[in-house]
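Enquirer: Enclosed is the structure file final.pdb (PDB, C-alpha atoms).
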```pdb
ATOM      1  CA  MET A   1     131.486 151.186  71.785  1.00  0.00           C
ATOM      2  CA  LEU A   2     131.486 147.418  72.199  1.00  0.00           C
ATOM      3  CA  LEU A   3     130.766 147.271  75.911  1.00  0.00           C
ATOM      4  CA  GLU A   4     127.843 149.654  75.562  1.00  0.00           C
ATOM      5  CA  LYS A   5     126.293 147.506  72.823  1.00  0.00           C
ATOM      6  CA  LEU A   6     126.735 144.402  74.979  1.00  0.00           C
ATOM      7  CA  LEU A   7     125.188 146.002  78.052  1.00  0.00           C
ATOM      8  CA  LEU A   8     122.221 147.281  76.054  1.00  0.00           C
ATOM      9  CA  GLU A   9     121.567 143.808  74.595  1.00  0.00           C
ATOM     10  CA  PHE A  10     121.503 142.295  78.077  1.00  0.00           C
ATOM     11  CA  ARG A  11     119.728 145.284  79.670  1.00  0.00           C
ATOM     12  CA  VAL A  12     122.540 146.056  82.115  1.00  0.00           C
ATOM     13  CA  PRO A  13     122.660 149.692  83.334  1.00  0.00           C
ATOM     14  CA  LEU A  14     125.320 151.655  81.468  1.00  0.00           C
ATOM     15  CA  GLU A  15     126.218 153.426  84.726  1.00  0.00           C
ATOM     16  CA  THR A  16     127.926 150.189  85.779  1.00  0.00           C
ATOM     17  CA  PHE A  17     131.071 151.469  84.022  1.00  0.00           C
ATOM     18  CA  THR A  18     132.778 154.807  83.545  1.00  0.00           C
ATOM     19  CA  THR A  19     133.350 156.469  80.176  1.00  0.00           C
ATOM     20  CA  LYS A  20     137.042 155.641  80.501  1.00  0.00           C
ATOM     21  CA  GLU A  21     136.234 151.944  81.102  1.00  0.00           C
ATOM     22  CA  PHE A  22     134.024 151.867  78.009  1.00  0.00           C
ATOM     23  CA  GLU A  23     136.904 153.252  75.965  1.00  0.00           C
ATOM     24  CA  LEU A  24     139.473 150.902  77.540  1.00  0.00           C
ATOM     25  CA  PHE A  25     137.297 147.864  76.855  1.00  0.00           C
ATOM     26  CA  ASP A  26     137.373 148.461  73.103  1.00  0.00           C
ATOM     27  CA  THR A  27     141.188 148.665  72.994  1.00  0.00           C
ATOM     28  CA  PHE A  28     141.515 144.988  73.935  1.00  0.00           C
ATOM     29  CA  PHE A  29     139.643 143.746  70.869  1.00  0.00           C
ATOM     30  CA  GLU A  30     140.699 143.291  67.260  1.00  0.00           C
ATOM     31  CA  LYS A  31     138.177 143.994  64.501  1.00  0.00           C
ATOM     32  CA  LYS A  32     137.606 141.250  61.910  1.00  0.00           C
ATOM     33  CA  GLN A  33     135.306 140.776  58.962  1.00  0.00           C
ATOM     34  CA  ILE A  34     133.732 137.339  58.646  1.00  0.00           C
ATOM     35  CA  LYS A  35     132.303 136.509  55.229  1.00  0.00           C
ATOM     36  CA  LYS A  36     128.879 134.974  54.718  1.00  0.00           C
ATOM     37  CA  ASN A  37     128.961 131.162  55.196  1.00  0.00           C
ATOM     38  CA  ALA A  38     132.403 131.254  56.876  1.00  0.00           C
ATOM     39  CA  PHE A  39     132.811 129.304  60.109  1.00  0.00           C
ATOM     40  CA  LEU A  40     134.044 130.678  63.416  1.00  0.00           C
ATOM     41  CA  VAL A  41     134.421 127.150  64.683  1.00  0.00           C
ATOM     42  CA  ARG A  42     133.597 123.682  63.399  1.00  0.00           C
ATOM     43  CA  GLU A  43     132.646 120.655  65.415  1.00  0.00           C
ATOM     44  CA  GLY A  44     135.834 119.093  66.796  1.00  0.00           C
ATOM     45  CA  GLU A  45     137.876 122.307  66.726  1.00  0.00           C
ATOM     46  CA  VAL A  46     139.006 124.281  69.767  1.00  0.00           C
ATOM     47  CA  GLU A  47     138.253 127.998  69.498  1.00  0.00           C
ATOM     48  CA  THR A  48     141.253 130.225  70.265  1.00  0.00           C
ATOM     49  CA  HIS A  49     139.386 133.544  70.453  1.00  0.00           C
ATOM     50  CA  SER A  50     136.208 134.942  71.905  1.00  0.00           C
ATOM     51  CA  TYR A  51     134.127 136.808  69.315  1.00  0.00           C
ATOM     52  CA  PHE A  52     131.801 139.724  69.955  1.00  0.00           C
ATOM     53  CA  ILE A  53     129.294 140.185  67.135  1.00  0.00           C
ATOM     54  CA  TYR A  54     128.991 143.855  66.306  1.00  0.00           C
ATOM     55  CA  ASN A  55     127.051 143.511  63.045  1.00  0.00           C
ATOM     56  CA  GLY A  56     125.594 140.453  61.356  1.00  0.00           C
ATOM     57  CA  ILE A  57     124.111 137.205  62.544  1.00  0.00           C
ATOM     58  CA  MET A  58     125.483 133.709  62.984  1.00  0.00           C
ATOM     59  CA  ARG A  59     123.839 130.369  63.471  1.00  0.00           C
ATOM     60  CA  CYS A  60     124.842 127.480  65.685  1.00  0.00           C
ATOM     61  CA  TRP A  61     124.063 124.042  64.354  1.00  0.00           C
ATOM     62  CA  VAL A  62     124.812 120.343  64.566  1.00  0.00           C
ATOM     63  CA  LEU A  63     124.352 117.373  62.310  1.00  0.00           C
ATOM     64  CA  ASP A  64     121.649 115.055  63.592  1.00  0.00           C
ATOM     65  CA  GLN A  65     121.829 111.256  63.470  1.00  0.00           C
ATOM     66  CA  LYS A  66     120.658 111.354  59.836  1.00  0.00           C
ATOM     67  CA  GLY A  67     123.305 113.898  58.813  1.00  0.00           C
ATOM     68  CA  VAL A  68     120.809 116.763  58.552  1.00  0.00           C
ATOM     69  CA  GLU A  69     121.783 120.228  59.803  1.00  0.00           C
ATOM     70  CA  GLN A  70     119.788 121.262  62.875  1.00  0.00           C
ATOM     71  CA  THR A  71     119.976 124.914  63.910  1.00  0.00           C
ATOM     72  CA  PHE A  72     119.658 125.463  67.657  1.00  0.00           C
ATOM     73  CA  TRP A  73     120.743 129.081  68.203  1.00  0.00           C
ATOM     74  CA  PHE A  74     121.262 132.408  66.438  1.00  0.00           C
ATOM     75  CA  CYS A  75     123.995 134.779  67.627  1.00  0.00           C
ATOM     76  CA  ARG A  76     122.913 138.343  67.033  1.00  0.00           C
ATOM     77  CA  PRO A  77     124.613 141.746  67.282  1.00  0.00           C
ATOM     78  CA  GLY A  78     125.502 142.783  70.801  1.00  0.00           C
ATOM     79  CA  THR A  79     126.331 139.262  71.946  1.00  0.00           C
ATOM     80  CA  PHE A  80     129.310 136.980  72.020  1.00  0.00           C
ATOM     81  CA  SER A  81     129.375 134.032  69.680  1.00  0.00           C
ATOM     82  CA  MET A  82     128.481 130.625  71.078  1.00  0.00           C
ATOM     83  CA  SER A  83     131.966 129.505  69.991  1.00  0.00           C
ATOM     84  CA  ASN A  84     132.830 131.176  73.281  1.00  0.00           C
ATOM     85  CA  ILE A  85     131.965 127.879  75.000  1.00  0.00           C
ATOM     86  CA  SER A  86     134.814 126.051  73.269  1.00  0.00           C
ATOM     87  CA  PHE A  87     137.091 129.027  73.938  1.00  0.00           C
ATOM     88  CA  THR A  88     136.237 129.319  77.632  1.00  0.00           C
ATOM     89  CA  LEU A  89     136.422 125.594  78.385  1.00  0.00           C
ATOM     90  CA  ASN A  90     139.375 125.015  76.040  1.00  0.00           C
ATOM     91  CA  GLN A  91     137.539 121.986  74.651  1.00  0.00           C
ATOM     92  CA  SER A  92     136.603 120.815  71.198  1.00  0.00           C
ATOM     93  CA  SER A  93     133.393 122.358  69.992  1.00  0.00           C
ATOM     94  CA  THR A  94     130.418 120.012  69.742  1.00  0.00           C
ATOM     95  CA  PHE A  95     128.742 122.210  67.115  1.00  0.00           C
ATOM     96  CA  TYR A  96     129.326 124.608  64.229  1.00  0.00           C
ATOM     97  CA  VAL A  97     129.117 128.418  64.335  1.00  0.00           C
ATOM     98  CA  GLN A  98     128.617 129.881  60.865  1.00  0.00           C
ATOM     99  CA  ALA A  99     127.994 133.401  59.522  1.00  0.00           C
ATOM    100  CA  LEU A 100     124.614 133.820  57.825  1.00  0.00           C
ATOM    101  CA  VAL A 101     125.643 137.203  56.388  1.00  0.00           C
ATOM    102  CA  ASP A 102     128.870 139.182  56.226  1.00  0.00           C
ATOM    103  CA  CYS A 103     129.650 139.963  59.865  1.00  0.00           C
ATOM    104  CA  GLU A 104     131.757 142.514  61.685  1.00  0.00           C
ATOM    105  CA  VAL A 105     133.165 140.931  64.828  1.00  0.00           C
ATOM    106  CA  TYR A 106     135.696 141.870  67.482  1.00  0.00           C
ATOM    107  CA  CYS A 107     137.905 139.161  68.891  1.00  0.00           C
ATOM    108  CA  ILE A 108     140.051 138.715  71.948  1.00  0.00           C
ATOM    109  CA  ASP A 109     142.404 135.951  73.087  1.00  0.00           C
ATOM    110  CA  LYS A 110     142.873 134.530  76.597  1.00  0.00           C
ATOM    111  CA  GLU A 111     145.973 136.579  77.373  1.00  0.00           C
ATOM    112  CA  LYS A 112     144.158 139.828  76.592  1.00  0.00           C
ATOM    113  CA  ILE A 113     141.112 138.761  78.615  1.00  0.00           C
ATOM    114  CA  ILE A 114     143.317 138.338  81.692  1.00  0.00           C
ATOM    115  CA  LYS A 115     144.714 141.849  81.154  1.00  0.00           C
ATOM    116  CA  LEU A 116     141.213 143.202  80.519  1.00  0.00           C
ATOM    117  CA  TYR A 117     139.948 141.819  83.840  1.00  0.00           C
ATOM    118  CA  GLN A 118     142.975 143.346  85.596  1.00  0.00           C
ATOM    119  CA  THR A 119     142.341 146.710  83.943  1.00  0.00           C
ATOM    120  CA  ILE A 120     138.579 146.755  84.627  1.00  0.00           C
ATOM    121  CA  PRO A 121     138.114 144.622  87.781  1.00  0.00           C
ATOM    122  CA  THR A 122     134.297 144.940  87.936  1.00  0.00           C
ATOM    123  CA  LEU A 123     134.031 143.423  84.469  1.00  0.00           C
ATOM    124  CA  LYS A 124     134.466 139.819  85.597  1.00  0.00           C
ATOM    125  CA  ALA A 125     131.450 139.935  87.934  1.00  0.00           C
ATOM    126  CA  VAL A 126     129.331 141.579  85.232  1.00  0.00           C
ATOM    127  CA  PHE A 127     130.378 138.927  82.711  1.00  0.00           C
ATOM    128  CA  GLU A 128     129.434 136.189  85.172  1.00  0.00           C
ATOM    129  CA  ASN A 129     125.954 137.746  85.357  1.00  0.00           C
ATOM    130  CA  LEU A 130     125.790 137.953  81.557  1.00  0.00           C
ATOM    131  CA  THR A 131     126.674 134.263  81.357  1.00  0.00           C
ATOM    132  CA  ALA A 132     123.807 133.504  83.736  1.00  0.00           C
ATOM    133  CA  ILE A 133     121.450 135.585  81.577  1.00  0.00           C
ATOM    134  CA  LEU A 134     122.571 133.705  78.466  1.00  0.00           C
ATOM    135  CA  LEU A 135     122.053 130.355  80.180  1.00  0.00           C
ATOM    136  CA  ASN A 136     118.579 131.523  81.145  1.00  0.00           C
ATOM    137  CA  ARG A 137     117.871 132.420  77.506  1.00  0.00           C
ATOM    138  CA  LEU A 138     118.916 128.921  76.479  1.00  0.00           C
ATOM    139  CA  LEU A 139     116.653 127.437  79.130  1.00  0.00           C
ATOM    140  CA  GLU A 140     113.775 129.686  78.068  1.00  0.00           C
ATOM    141  CA  ARG A 141     114.209 128.406  74.517  1.00  0.00           C
ATOM    142  CA  GLN A 142     113.852 124.822  75.734  1.00  0.00           C
ATOM    143  CA  VAL A 143     110.744 125.675  77.738  1.00  0.00           C
ATOM    144  CA  GLN A 144     109.203 127.564  74.814  1.00  0.00           C
ATOM    145  CA  MET A 145     109.844 124.609  72.487  1.00  0.00           C
ATOM    146  CA  ILE A 146     107.783 122.463  74.843  1.00  0.00           C
ATOM    147  CA  LYS A 147     105.187 125.021  75.862  1.00  0.00           C
ATOM    148  CA  TYR A 148     104.362 126.766  72.569  1.00  0.00           C
ATOM    149  CA  THR A 149     103.047 125.601  69.241  1.00  0.00           C
ATOM    150  CA  PRO A 150     105.436 126.250  66.332  1.00  0.00           C
ATOM    151  CA  GLU A 151     103.250 129.211  65.327  1.00  0.00           C
ATOM    152  CA  GLN A 152     103.407 130.752  68.803  1.00  0.00           C
ATOM    153  CA  TYR A 153     107.145 130.155  68.957  1.00  0.00           C
ATOM    154  CA  TYR A 154     107.582 131.735  65.520  1.00  0.00           C
ATOM    155  CA  LEU A 155     105.720 134.836  66.722  1.00  0.00           C
ATOM    156  CA  GLU A 156     108.051 134.988  69.753  1.00  0.00           C
ATOM    157  CA  LEU A 157     111.008 134.748  67.366  1.00  0.00           C
ATOM    158  CA  VAL A 158     109.616 137.588  65.224  1.00  0.00           C
ATOM    159  CA  ALA A 159     109.150 139.753  68.324  1.00  0.00           C
ATOM    160  CA  SER A 160     112.635 138.957  69.624  1.00  0.00           C
ATOM    161  CA  TYR A 161     114.645 139.222  66.398  1.00  0.00           C
ATOM    162  CA  GLY A 162     112.625 141.804  64.458  1.00  0.00           C
ATOM    163  CA  VAL A 163     114.177 142.743  61.126  1.00  0.00           C
ATOM    164  CA  LEU A 164     117.170 140.465  61.775  1.00  0.00           C
ATOM    165  CA  LEU A 165     114.868 137.562  60.930  1.00  0.00           C
ATOM    166  CA  ASN A 166     114.865 138.774  57.318  1.00  0.00           C
ATOM    167  CA  TYR A 167     118.532 137.770  57.048  1.00  0.00           C
ATOM    168  CA  ILE A 168     118.007 134.224  58.251  1.00  0.00           C
ATOM    169  CA  PRO A 169     117.146 131.657  55.566  1.00  0.00           C
ATOM    170  CA  LEU A 170     113.698 130.130  56.067  1.00  0.00           C
ATOM    171  CA  LYS A 171     115.208 126.621  56.190  1.00  0.00           C
ATOM    172  CA  ASP A 172     117.278 127.686  59.221  1.00  0.00           C
ATOM    173  CA  ILE A 173     114.295 129.292  60.938  1.00  0.00           C
ATOM    174  CA  ALA A 174     112.281 126.123  60.328  1.00  0.00           C
ATOM    175  CA  SER A 175     115.105 124.009  61.730  1.00  0.00           C
ATOM    176  CA  TYR A 176     115.314 126.267  64.795  1.00  0.00           C
ATOM    177  CA  LEU A 177     111.570 125.821  65.311  1.00  0.00           C
ATOM    178  CA  GLY A 178     111.840 122.055  64.849  1.00  0.00           C
ATOM    179  CA  ILE A 179     109.543 122.013  61.808  1.00  0.00           C
ATOM    180  CA  THR A 180     109.872 121.595  58.040  1.00  0.00           C
ATOM    181  CA  PRO A 181     110.260 124.588  55.718  1.00  0.00           C
ATOM    182  CA  GLN A 182     106.842 123.706  54.270  1.00  0.00           C
ATOM    183  CA  ALA A 183     105.217 123.910  57.723  1.00  0.00           C
ATOM    184  CA  LEU A 184     106.903 127.284  58.277  1.00  0.00           C
ATOM    185  CA  SER A 185     105.536 128.526  54.937  1.00  0.00           C
ATOM    186  CA  ARG A 186     102.007 127.549  56.025  1.00  0.00           C
ATOM    187  CA  ILE A 187     102.486 129.391  59.341  1.00  0.00           C
ATOM    188  CA  ARG A 188     103.763 132.504  57.567  1.00  0.00           C
ATOM    189  CA  LYS A 189     100.801 132.467  55.154  1.00  0.00           C
ATOM    190  CA  ARG A 190      98.364 132.347  58.079  1.00  0.00           C
ATOM    191  CA  ILE A 191     100.109 135.180  59.922  1.00  0.00           C
ATOM    192  CA  PHE A 192     100.920 137.484  57.055  1.00  0.00           C
TER     193      PHE A 192
END
```
What do you get writing this file as structure tokens?
Expert:
Amino acid sequence: MLLEKLLLEFRVPLETFTTKEFELFDTFFEKKQIKKNAFLVREGEVETHSYFIYNGIMRCWVLDQKGVEQTFWFCRPGTFSMSNISFTLNQSSTFYVQALVDCEVYCIDKEKIIKLYQTIPTLKAVFENLTAILLNRLLERQVQMIKYTPEQYYLELVASYGVLLNYIPLKDIASYLGITPQALSRIRKRIF
């Protein structure tokens, strides 16, 4: 069940919804397979769907002033894709969202979201809380980038992502940490 996976990722009590609401939630989404390296959204595009990542992992990145890809976020199973920002605001995306592996996602358009909120009225308030939690995660990332050494931050990443980290190319992990792949290799040699 999609809603259950989402609630578990964000540590929201499952008792918030009934069994019937869990089942209803899933009926509003369409299953899609996204191939490795495919984009959900590119910079400058407006996303027309919200995507829930059931399996797989995606990265969010931008091109810096030198034209080098800089990864700033990984979307993991149990979360909505960051392309959701473009979708929600109905604005052009300022970044790319790309599949790192073959992904199984569930999508929904704006019309269905309106019907979903009408069908499960408590959902909107819960989603507002989930948005706040996500914003806090983004803020925590910024604080950790300042507070921790790259090695400490890498260890936090290992603890947070676990085996999912094995599916992320080292160059993308290094970019996320704000270091070179060579520096990441040195860190990994010291740790492992």
Enquirer: What does the distance from CA of Leu8 (chain A) to CA of Thr119 (chain A) come to in Å, to one decimal?
Expert: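 Between CA of Leu8 (chain A) and CA of Thr119 (chain A) the gap works out to 21.6 Å.
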Enquirer: Taking a cut-off of 8 Å and counting all atoms listed in the file, can you build a table that, for each residue of region 60-136 of chain A near region 168-174 of chain A, reports the nearest atom pair and how far apart they are in Å (one decimal), sorted by chain then residue number, as CSV?
Expert:
```
residue,atom,partner,partner_atom,distance
A:Gln70,CA,A:Asp172,CA,7.8
A:Thr71,CA,A:Asp172,CA,6.1
A:Leu100,CA,A:Ile168,CA,6.6
```
Enquirer: Pick from A:Ser175, A:Met58, A:Val46, A:Tyr148: nearest to Asn90 (chain A), with all atoms listed in the file counted?
Expert: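 Closest to Asn90 (chain A), using all atoms listed in the file: A:Val46.
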Enquirer: So, counting only C-alpha atoms, which residue among A:Pro181, A:Val97, A:Val143, A:Leu123 is closest to Leu7 (chain A)?
Expert: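 Closest to Leu7 (chain A), using only C-alpha atoms: A:Leu123.
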Enquirer: Return as a list in words the set of residues that the PyMOL selection byres ((chain A and resi 127) around 12) yields on the displayed structure.
Expert: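 When the PyMOL selection byres ((chain A and resi 127) around 12) is applied to the shown file, the picked residues are Leu3, Leu6, Leu7, Phe10, Val12, Thr16, Thr79, Phe80, Ile113, Leu116, Tyr117, Ile120, Pro121, Thr122, Leu123, Lys124, Ala125, Val126, Glu128, Asn129, Leu130, Thr131, Ala132, Ile133 and Leu134 of chain A.
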Enquirer: Could you write out the selected residues, including C-alpha atoms, as a PDB file, in the frame of the given file?
Expert:
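Done, and the output landed in again05.pdb:
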```
ATOM      1  CA  LEU A   3     130.766 147.271  75.911  1.00  0.00           C
ATOM      2  CA  LEU A   6     126.735 144.402  74.979  1.00  0.00           C
ATOM      3  CA  LEU A   7     125.188 146.002  78.052  1.00  0.00           C
ATOM      4  CA  PHE A  10     121.503 142.295  78.077  1.00  0.00           C
ATOM      5  CA  VAL A  12     122.540 146.056  82.115  1.00  0.00           C
ATOM      6  CA  THR A  16     127.926 150.189  85.779  1.00  0.00           C
ATOM      7  CA  THR A  79     126.331 139.262  71.946  1.00  0.00           C
ATOM      8  CA  PHE A  80     129.310 136.980  72.020  1.00  0.00           C
ATOM      9  CA  ILE A 113     141.112 138.761  78.615  1.00  0.00           C
ATOM     10  CA  LEU A 116     141.213 143.202  80.519  1.00  0.00           C
ATOM     11  CA  TYR A 117     139.948 141.819  83.840  1.00  0.00           C
ATOM     12  CA  ILE A 120     138.579 146.755  84.627  1.00  0.00           C
ATOM     13  CA  PRO A 121     138.114 144.622  87.781  1.00  0.00           C
ATOM     14  CA  THR A 122     134.297 144.940  87.936  1.00  0.00           C
ATOM     15  CA  LEU A 123     134.031 143.423  84.469  1.00  0.00           C
ATOM     16  CA  LYS A 124     134.466 139.819  85.597  1.00  0.00           C
ATOM     17  CA  ALA A 125     131.450 139.935  87.934  1.00  0.00           C
ATOM     18  CA  VAL A 126     129.331 141.579  85.232  1.00  0.00           C
ATOM     19  CA  GLU A 128     129.434 136.189  85.172  1.00  0.00           C
ATOM     20  CA  ASN A 129     125.954 137.746  85.357  1.00  0.00           C
ATOM     21  CA  LEU A 130     125.790 137.953  81.557  1.00  0.00           C
ATOM     22  CA  THR A 131     126.674 134.263  81.357  1.00  0.00           C
ATOM     23  CA  ALA A 132     123.807 133.504  83.736  1.00  0.00           C
ATOM     24  CA  ILE A 133     121.450 135.585  81.577  1.00  0.00           C
ATOM     25  CA  LEU A 134     122.571 133.705  78.466  1.00  0.00           C
TER      26      LEU A 134
END
```
Enquirer: Hey, which of A:Ala183, A:Leu14, A:Met1, A:Leu165 ends up closest to Pro150 (chain A)? Count all atoms listed in the file.
Expert: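 Closest to Pro150 (chain A) of all the choices is A:Ala183.
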Enquirer: Suppose a student applies the PyMOL selection byres ((chain A and resi 48) around 10) to this structure; what residues should they get, written as a PyMOL selection string?
Expert: chain A and resi 40-41+45-47+49-51+83-84+86-88+90+107-110
Enquirer: In terms of the shortest atom-to-atom distance over all atoms listed in the file, which of A:Ser160, A:Gln152, A:Gln142, A:Gln118 is closest to Glu21 (chain A)?
Expert: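 Result for the nearest residue to Glu21 (chain A): A:Gln118.
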Enquirer: If I take CA of Gln98 (chain A) and CA of Lys32 (chain A), how far is one from the other in Å, to one decimal?
Expert: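 Here the two named atoms are 14.5 Å from each other.
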Enquirer: How would region 48-57 of chain A read, as a short mmCIF file (atom, residue, chain, number, x, y, z; two decimals), keeping the file's coordinate frame, once all heavy atoms are built in?
Expert:
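Final output, part.cif:
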```
data_model
loop_
_atom_site.label_atom_id
_atom_site.label_comp_id
_atom_site.auth_asym_id
_atom_site.auth_seq_id
_atom_site.Cartn_x
_atom_site.Cartn_y
_atom_site.Cartn_z
N THR A 48 140.13 129.53 69.62
CA THR A 48 141.25 130.22 70.26
C THR A 48 140.94 131.68 70.61
O THR A 48 141.75 132.35 71.23
CB THR A 48 142.50 130.19 69.37
OG1 THR A 48 142.18 130.81 68.11
CG2 THR A 48 142.97 128.75 69.13
N HIS A 49 139.78 132.16 70.19
CA HIS A 49 139.39 133.54 70.45
C HIS A 49 137.92 133.59 70.88
O HIS A 49 137.14 132.71 70.54
CB HIS A 49 139.56 134.42 69.20
CG HIS A 49 140.98 134.68 68.85
ND1 HIS A 49 141.75 133.76 68.16
CD2 HIS A 49 141.78 135.73 69.11
CE1 HIS A 49 142.96 134.25 67.99
NE2 HIS A 49 143.01 135.44 68.57
N SER A 50 137.60 134.64 71.59
CA SER A 50 136.21 134.94 71.90
C SER A 50 135.78 136.03 70.93
O SER A 50 136.52 136.99 70.70
CB SER A 50 136.09 135.43 73.34
OG SER A 50 134.77 135.75 73.65
N TYR A 51 134.60 135.88 70.34
CA TYR A 51 134.13 136.81 69.32
C TYR A 51 132.88 137.56 69.77
O TYR A 51 131.89 136.94 70.15
CB TYR A 51 133.79 136.07 68.02
CG TYR A 51 134.99 135.46 67.36
CD1 TYR A 51 135.36 134.15 67.62
CD2 TYR A 51 135.75 136.20 66.46
CE1 TYR A 51 136.48 133.60 67.00
CE2 TYR A 51 136.86 135.66 65.84
CZ TYR A 51 137.21 134.35 66.13
OH TYR A 51 138.32 133.80 65.52
N PHE A 52 132.95 138.88 69.69
CA PHE A 52 131.80 139.72 69.96
C PHE A 52 131.22 140.12 68.60
O PHE A 52 131.92 140.65 67.74
CB PHE A 52 132.22 140.98 70.73
CG PHE A 52 131.09 141.92 71.00
CD1 PHE A 52 130.17 141.65 72.01
CD2 PHE A 52 130.92 143.07 70.23
CE1 PHE A 52 129.12 142.51 72.26
CE2 PHE A 52 129.88 143.94 70.48
CZ PHE A 52 128.97 143.65 71.50
N ILE A 53 129.94 139.88 68.41
CA ILE A 53 129.29 140.18 67.14
C ILE A 53 128.79 141.62 67.18
O ILE A 53 127.89 141.95 67.94
CB ILE A 53 128.15 139.20 66.84
CG1 ILE A 53 128.71 137.78 66.82
CG2 ILE A 53 127.45 139.55 65.53
CD1 ILE A 53 127.68 136.71 66.86
N TYR A 54 129.39 142.45 66.36
CA TYR A 54 128.99 143.85 66.31
C TYR A 54 127.87 144.05 65.28
O TYR A 54 126.88 144.70 65.55
CB TYR A 54 130.20 144.73 65.98
CG TYR A 54 129.93 146.18 66.19
CD1 TYR A 54 129.93 146.71 67.47
CD2 TYR A 54 129.64 147.04 65.12
CE1 TYR A 54 129.66 148.06 67.70
CE2 TYR A 54 129.37 148.38 65.34
CZ TYR A 54 129.38 148.87 66.63
OH TYR A 54 129.11 150.20 66.85
N ASN A 55 128.07 143.48 64.10
CA ASN A 55 127.05 143.51 63.04
C ASN A 55 126.98 142.13 62.41
O ASN A 55 128.00 141.47 62.25
CB ASN A 55 127.39 144.54 61.96
CG ASN A 55 127.10 145.95 62.40
OD1 ASN A 55 126.04 146.22 62.94
ND2 ASN A 55 128.04 146.85 62.15
N GLY A 56 125.78 141.74 62.02
CA GLY A 56 125.59 140.45 61.36
C GLY A 56 124.90 139.46 62.27
O GLY A 56 124.50 139.80 63.39
N ILE A 57 124.77 138.26 61.78
CA ILE A 57 124.11 137.21 62.54
C ILE A 57 124.75 135.87 62.18
O ILE A 57 125.13 135.64 61.04
CB ILE A 57 122.58 137.21 62.31
CG1 ILE A 57 121.88 136.30 63.30
CG2 ILE A 57 122.22 136.89 60.89
CD1 ILE A 57 120.40 136.58 63.44
#
```
